[in-house]
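Please read the structure below before turning to the comments.
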Amino acid sequence: MVPLRLIFMGTPDFAVPTLDALVDAGHHVVAVYCQPPRRSGRGQRLRPSPVHARAEACGLDVRTPVSLKGTGEQAAFAALDADAAVIAAYGLILPNAVLDAPRLGCVNVHASLLPRWRGAAPIQRAILAGDSETGVTIMQVVEEVDAGPTLLAQAIPIGPRATAAELHDELSVLGAKLMVETLEGYAAGRLAPTPQPVDAITYAAKL
């Protein structure tokens with residue numbers, strides 16, 4: 001596989017395996033974007049997010065803008081000259097100037113079988129709805145939330161005693177594997193984006 005110049009965008013624990021997988025696959029992660037540190041704990045100290053901490057441990061350039069709407073932030077993003085941006089639970093809306101900057105666009109790890117459970121809480125909603133399976137979808141990012149064409153997906157069963165925490169961990173590892181496979185196939189022209197069917201859309205509202 002030819003190494004790609006990548007921007008990684010993620011914040012919580014769910015995203016850490018994907019960042020690790022990209023580094024382990026030999027890709028050049030030129031910058032990591034994540035949410036700014038938040039105050040937590042008894043002392044209300046500023047604490048970096050899990051992705052922030054992991055990226056620093058790997059010696060990667062970490063950026064924590066509060067917004068990407070400004071022209072200065074957008075110019076800095078474009079100047080990274082990335083082949084693609086990989087997104088996993090980043091938490092900020094990406095304007096078109098950011099989406100269009102990387103050569104191959106922006107690709108996202110989503111913890112459901114799109115178009116089922118677009119939105120903020122796909123793991124919990126799948127369990128609450130009694131779904132027999134869920135999975136991970138890798139998709140191109142467009143302006144509408146979770147509406148982009150899909151590149152690769154894989155399903156896993158939801159057992160009768162499955163918890164959201166267990167599924168979260170399983171899907172985060174699966175998403176990391178699928179993202180590496182997607183980048184290899186997409187960059188080589190073996191994967192083509194497939195529009196999501198509009199007659200099967202459901203939304204995973206926050207709990």
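As shown in the structure tokens, the chain order sets the letters A, B, ...; within each chain, residues go from 1, and ligands are also counted from 1 in the order they appear.
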Just asking: which residues within segment 17-188 of chain A are strand (DSSP E) according to DSSP, as a compact mmCIF listing (two decimals) with N, CA, C and O atoms, in the first residue's frame?
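This is the output file part-v2.txt:
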```
# COMPACT_ATOMS: atom_id res chain seq x y z
N HIS A 28 1.25 8.77 6.56
CA HIS A 28 1.86 9.97 7.12
C HIS A 28 0.74 10.87 7.65
O HIS A 28 0.07 11.56 6.87
N VAL A 29 0.51 10.86 8.95
CA VAL A 29 -0.52 11.70 9.56
C VAL A 29 0.10 13.07 9.80
O VAL A 29 0.88 13.26 10.73
N VAL A 30 -0.26 14.03 8.95
CA VAL A 30 0.41 15.33 8.98
C VAL A 30 -0.14 16.24 10.08
O VAL A 30 0.54 17.19 10.50
N ALA A 31 -1.36 15.97 10.55
CA ALA A 31 -1.94 16.75 11.66
C ALA A 31 -3.12 15.99 12.23
O ALA A 31 -3.80 15.24 11.52
N VAL A 32 -3.35 16.20 13.50
CA VAL A 32 -4.51 15.62 14.19
C VAL A 32 -5.34 16.78 14.75
O VAL A 32 -4.84 17.61 15.51
N TYR A 33 -6.61 16.81 14.34
CA TYR A 33 -7.55 17.81 14.84
C TYR A 33 -8.47 17.15 15.86
O TYR A 33 -9.00 16.07 15.62
N ARG A 38 -11.06 20.05 27.84
CA ARG A 38 -12.20 20.45 28.67
C ARG A 38 -11.81 20.36 30.15
O ARG A 38 -10.95 19.57 30.54
N ARG A 39 -12.49 21.13 30.97
CA ARG A 39 -12.28 21.06 32.41
C ARG A 39 -13.05 19.88 32.98
O ARG A 39 -14.22 19.68 32.66
N SER A 40 -12.39 19.08 33.82
CA SER A 40 -13.05 17.92 34.42
C SER A 40 -12.35 17.57 35.72
O SER A 40 -11.25 18.05 36.02
N ARG A 45 -9.48 20.79 36.23
CA ARG A 45 -8.30 21.05 35.40
C ARG A 45 -8.62 20.79 33.94
O ARG A 45 -9.46 19.95 33.61
N LEU A 46 -7.94 21.52 33.06
CA LEU A 46 -8.08 21.27 31.63
C LEU A 46 -7.45 19.93 31.28
O LEU A 46 -6.28 19.69 31.60
N ARG A 47 -8.22 19.07 30.65
CA ARG A 47 -7.71 17.75 30.30
C ARG A 47 -7.86 17.52 28.80
O ARG A 47 -8.94 17.77 28.24
N VAL A 62 -0.83 18.31 16.91
CA VAL A 62 -2.21 18.37 17.38
C VAL A 62 -2.74 19.79 17.25
O VAL A 62 -2.08 20.75 17.68
N ARG A 63 -3.94 19.90 16.70
CA ARG A 63 -4.59 21.20 16.55
C ARG A 63 -5.99 21.13 17.17
O ARG A 63 -6.71 20.16 16.92
N ALA A 84 -6.17 12.87 1.98
CA ALA A 84 -7.51 12.66 2.53
C ALA A 84 -7.54 13.09 3.98
O ALA A 84 -6.50 13.14 4.65
N ALA A 85 -8.73 13.41 4.46
CA ALA A 85 -8.96 13.62 5.88
C ALA A 85 -9.81 12.47 6.40
O ALA A 85 -10.83 12.13 5.79
N VAL A 86 -9.38 11.87 7.49
CA VAL A 86 -10.10 10.76 8.12
C VAL A 86 -10.78 11.29 9.37
O VAL A 86 -10.12 11.87 10.23
N ILE A 87 -12.09 11.05 9.47
CA ILE A 87 -12.88 11.60 10.57
C ILE A 87 -13.50 10.48 11.36
O ILE A 87 -14.07 9.54 10.80
N ALA A 88 -13.41 10.57 12.68
CA ALA A 88 -14.02 9.59 13.58
C ALA A 88 -14.49 10.32 14.83
O ALA A 88 -13.69 10.63 15.70
N CYS A 106 -12.96 13.91 2.33
CA CYS A 106 -13.00 13.52 3.74
C CYS A 106 -13.82 12.25 3.89
O CYS A 106 -14.92 12.14 3.33
N VAL A 107 -13.30 11.28 4.64
CA VAL A 107 -13.99 10.00 4.84
C VAL A 107 -14.20 9.79 6.33
O VAL A 107 -13.34 10.10 7.15
N ASN A 108 -15.37 9.26 6.67
CA ASN A 108 -15.81 9.19 8.05
C ASN A 108 -16.10 7.76 8.48
O ASN A 108 -16.62 6.96 7.70
N VAL A 109 -15.77 7.46 9.74
CA VAL A 109 -16.14 6.19 10.38
C VAL A 109 -17.46 6.41 11.12
O VAL A 109 -17.51 7.22 12.06
N HIS A 110 -18.51 5.71 10.73
CA HIS A 110 -19.81 5.86 11.40
C HIS A 110 -20.25 4.52 11.97
O HIS A 110 -20.22 3.51 11.28
N ARG A 118 -28.56 7.40 11.23
CA ARG A 118 -27.75 8.61 11.08
C ARG A 118 -27.85 9.41 12.38
O ARG A 118 -28.88 9.41 13.04
N GLY A 119 -26.77 10.11 12.73
CA GLY A 119 -26.87 11.00 13.87
C GLY A 119 -25.98 10.64 15.03
O GLY A 119 -25.03 9.87 14.89
N GLU A 133 -28.72 -6.55 14.31
CA GLU A 133 -27.35 -6.31 13.89
C GLU A 133 -27.09 -4.82 13.80
O GLU A 133 -28.00 -4.00 13.71
N THR A 134 -25.83 -4.49 13.83
CA THR A 134 -25.38 -3.14 13.56
C THR A 134 -24.07 -3.27 12.79
O THR A 134 -23.82 -4.30 12.17
N GLY A 135 -23.23 -2.26 12.83
CA GLY A 135 -21.97 -2.38 12.08
C GLY A 135 -21.31 -1.03 11.94
O GLY A 135 -21.60 -0.08 12.66
N VAL A 136 -20.39 -0.97 11.01
CA VAL A 136 -19.65 0.26 10.71
C VAL A 136 -19.77 0.56 9.23
O VAL A 136 -19.70 -0.35 8.40
N THR A 137 -19.95 1.83 8.92
CA THR A 137 -19.95 2.29 7.54
C THR A 137 -18.86 3.34 7.37
O THR A 137 -18.74 4.25 8.20
N ILE A 138 -18.07 3.20 6.32
CA ILE A 138 -17.11 4.24 5.94
C ILE A 138 -17.74 5.00 4.79
O ILE A 138 -18.13 4.41 3.78
N MET A 139 -17.85 6.31 4.95
CA MET A 139 -18.54 7.11 3.93
C MET A 139 -17.78 8.39 3.64
O MET A 139 -16.96 8.85 4.44
N GLN A 140 -18.06 8.95 2.48
CA GLN A 140 -17.59 10.28 2.16
C GLN A 140 -18.41 11.30 2.93
O GLN A 140 -19.62 11.11 3.12
N THR A 150 -21.52 5.89 0.51
CA THR A 150 -20.75 4.93 1.30
C THR A 150 -19.66 4.27 0.45
O THR A 150 -19.80 4.11 -0.75
N LEU A 151 -18.59 3.89 1.12
CA LEU A 151 -17.46 3.25 0.47
C LEU A 151 -17.29 1.80 0.90
O LEU A 151 -16.93 0.94 0.09
N LEU A 152 -17.53 1.51 2.18
CA LEU A 152 -17.35 0.15 2.69
C LEU A 152 -18.16 0.03 3.97
O LEU A 152 -18.31 0.99 4.72
N ALA A 153 -18.71 -1.15 4.20
CA ALA A 153 -19.47 -1.40 5.43
C ALA A 153 -19.33 -2.86 5.83
O ALA A 153 -19.08 -3.73 4.99
N GLN A 154 -19.48 -3.10 7.12
CA GLN A 154 -19.46 -4.47 7.63
C GLN A 154 -20.39 -4.57 8.83
O GLN A 154 -20.40 -3.69 9.70
N ALA A 155 -21.19 -5.62 8.85
CA ALA A 155 -22.18 -5.82 9.91
C ALA A 155 -21.64 -6.75 10.99
O ALA A 155 -20.79 -7.61 10.73
N ILE A 156 -22.15 -6.57 12.21
CA ILE A 156 -21.91 -7.50 13.31
C ILE A 156 -23.24 -7.74 14.01
O ILE A 156 -24.11 -6.87 14.02
N PRO A 157 -23.44 -8.92 14.61
CA PRO A 157 -24.70 -9.17 15.32
C PRO A 157 -24.75 -8.43 16.65
O PRO A 157 -23.71 -8.15 17.26
```
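Within the 10 Å cut-off around Gly91 of chain A, using only C-alpha atoms and omitting residues fewer than 5 positions from it on the same chain, the listed residues are Met9, Gly10, Thr11, Pro12, Cys34, Gln35 and Ala120 of chain A.
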Exercise. With only C-alpha atoms as the basis for distance, which of A:Pro149, A:Ala57, A:Ala75, A:His168 is at the shortest distance from Leu191 of chain A?
Worked result: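 Of the candidates, the smallest distance to Leu191 of chain A is held by A:Pro149.
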Exercise. Closest to Leu80 of chain A among A:Ile201, A:Leu94, A:Ile7, A:Leu207, using only C-alpha atoms?
Worked result: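 Using only C-alpha atoms, Leu80 of chain A sits closest to A:Ile7.
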Problem set entry | Nearest to Pro122 of chain A by atom-to-atom distance, counting only C-alpha atoms, from A:Ala204, A:Gly43, A:Pro195, A:Pro65 |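 Closest residue, counting only C-alpha atoms: A:Ala204.
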For this session: Within 9 Å of Trp117 of chain A, counting only C-alpha atoms, which residues show up once you throw out same-chain ones fewer than 6 positions away? Write them as a PyMOL selection string, please.
Result: chain A and resi 111+123+125-126+201-205
Taking N, CA, C and O atoms for each residue, export the selection above as a tab-separated table (two decimals), in the first residue's frame.
```tsv
chain	number	residue	atom	x	y	z
A	111	ALA	N	-20.72	4.54	13.22
A	111	ALA	CA	-21.02	3.30	13.93
A	111	ALA	C	-22.45	2.83	13.71
A	111	ALA	O	-23.21	2.62	14.66
A	123	ILE	N	-25.27	3.71	18.29
A	123	ILE	CA	-25.08	2.46	19.03
A	123	ILE	C	-26.25	2.26	20.00
A	123	ILE	O	-26.87	1.19	20.04
A	125	ARG	N	-29.23	3.68	19.97
A	125	ARG	CA	-30.51	3.58	19.29
A	125	ARG	C	-30.72	2.19	18.69
A	125	ARG	O	-31.83	1.67	18.66
A	126	ALA	N	-29.65	1.59	18.18
A	126	ALA	CA	-29.77	0.24	17.62
A	126	ALA	C	-30.20	-0.76	18.70
A	126	ALA	O	-31.04	-1.63	18.47
A	201	ILE	N	-33.90	5.54	5.65
A	201	ILE	CA	-33.22	6.43	6.59
A	201	ILE	C	-33.91	6.45	7.94
A	201	ILE	O	-35.14	6.57	8.02
A	202	THR	N	-33.13	6.27	9.00
A	202	THR	CA	-33.60	6.52	10.36
A	202	THR	C	-32.59	7.41	11.07
A	202	THR	O	-31.42	7.48	10.67
A	203	TYR	N	-33.03	8.09	12.12
A	203	TYR	CA	-32.19	9.05	12.80
A	203	TYR	C	-31.98	8.67	14.26
A	203	TYR	O	-32.92	8.29	14.95
A	204	ALA	N	-30.73	8.77	14.70
A	204	ALA	CA	-30.34	8.41	16.06
A	204	ALA	C	-30.16	9.68	16.88
A	204	ALA	O	-29.05	10.20	17.03
A	205	ALA	N	-31.26	10.19	17.40
A	205	ALA	CA	-31.19	11.41	18.20
A	205	ALA	C	-30.44	11.17	19.49
A	205	ALA	O	-30.37	10.05	20.00
```
Exercise. Could you write out, as a PyMOL selection string, all the residues of segment 12-185 of chain A that DSSP marks as helix (DSSP H, G or I)?
Worked result: chain A and resi 13-24+50-57+71-78+96-99+122-128+164-185
Name all residues at most 8 Å from Gln74 of chain A (count only C-alpha atoms; drop same-chain ones fewer than 5 positions away) and give them as a JSON list (two decimals) with all heavy atoms, in the first residue's frame.
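Written output follows (part.json):
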```json
[["chain", "number", "residue", "atom", "x", "y", "z"],
["A", 68, "LEU", "N", -14.00, 25.71, 12.63],
["A", 68, "LEU", "CA", -13.30, 25.68, 11.34],
["A", 68, "LEU", "C", -13.98, 26.59, 10.33],
["A", 68, "LEU", "O", -13.76, 26.47, 9.13],
["A", 68, "LEU", "CB", -13.26, 24.25, 10.81],
["A", 68, "LEU", "CG", -12.37, 23.28, 11.59],
["A", 68, "LEU", "CD1", -12.62, 21.85, 11.15],
["A", 68, "LEU", "CD2", -10.90, 23.64, 11.40],
["A", 69, "LYS", "N", -14.77, 27.53, 10.82],
["A", 69, "LYS", "CA", -15.51, 28.42, 9.93],
["A", 69, "LYS", "C", -14.67, 29.61, 9.45],
["A", 69, "LYS", "O", -15.00, 30.23, 8.45],
["A", 69, "LYS", "CB", -16.77, 28.93, 10.63],
["A", 69, "LYS", "CG", -17.79, 27.84, 10.92],
["A", 69, "LYS", "CD", -19.02, 28.39, 11.62],
["A", 69, "LYS", "CE", -20.03, 27.29, 11.90],
["A", 69, "LYS", "NZ", -21.24, 27.81, 12.60],
["A", 97, "ALA", "N", -15.34, 24.38, 2.50],
["A", 97, "ALA", "CA", -13.94, 24.68, 2.20],
["A", 97, "ALA", "C", -13.01, 23.63, 2.79],
["A", 97, "ALA", "O", -11.95, 23.33, 2.22],
["A", 97, "ALA", "CB", -13.57, 26.06, 2.74],
["A", 98, "VAL", "N", -13.38, 23.05, 3.92],
["A", 98, "VAL", "CA", -12.60, 21.97, 4.53],
["A", 98, "VAL", "C", -12.86, 20.65, 3.82],
["A", 98, "VAL", "O", -11.93, 19.90, 3.52],
["A", 98, "VAL", "CB", -12.94, 21.86, 6.04],
["A", 98, "VAL", "CG1", -12.35, 20.59, 6.64],
["A", 98, "VAL", "CG2", -12.42, 23.08, 6.78]]
```
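Proximity of A:Ala76, A:Leu104, A:Leu171, A:Val145 to Ala187 of chain A, computed with only C-alpha atoms, is greatest for A:Leu104.
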For this session: Would you work out the distance separating atom CA of Gly159 of chain A from atom CA of Pro197 of chain A, expressed in Å to one decimal?
Result: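 So the answer is 26.5 Å.
Here atom CA of Thr194 of chain A is placed at a distance of 11.2 Å from atom CA of Leu114 of chain A.
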Problem set entry | Minimum-distance residue to Asp199 of chain A, chosen among A:Pro115, A:Glu143, A:Val180, A:Ala82 (using only C-alpha atoms) |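 Counting only C-alpha atoms, the residue closest to Asp199 of chain A is A:Pro115.
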For this session: Figure out the distance between atom CA of Leu22 of chain A and atom CA of Leu4 of chain A, please, to one decimal in Å.
Result: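 Calculated distance between atom CA of Leu4 of chain A and atom CA of Leu22 of chain A is 9.5 Å.
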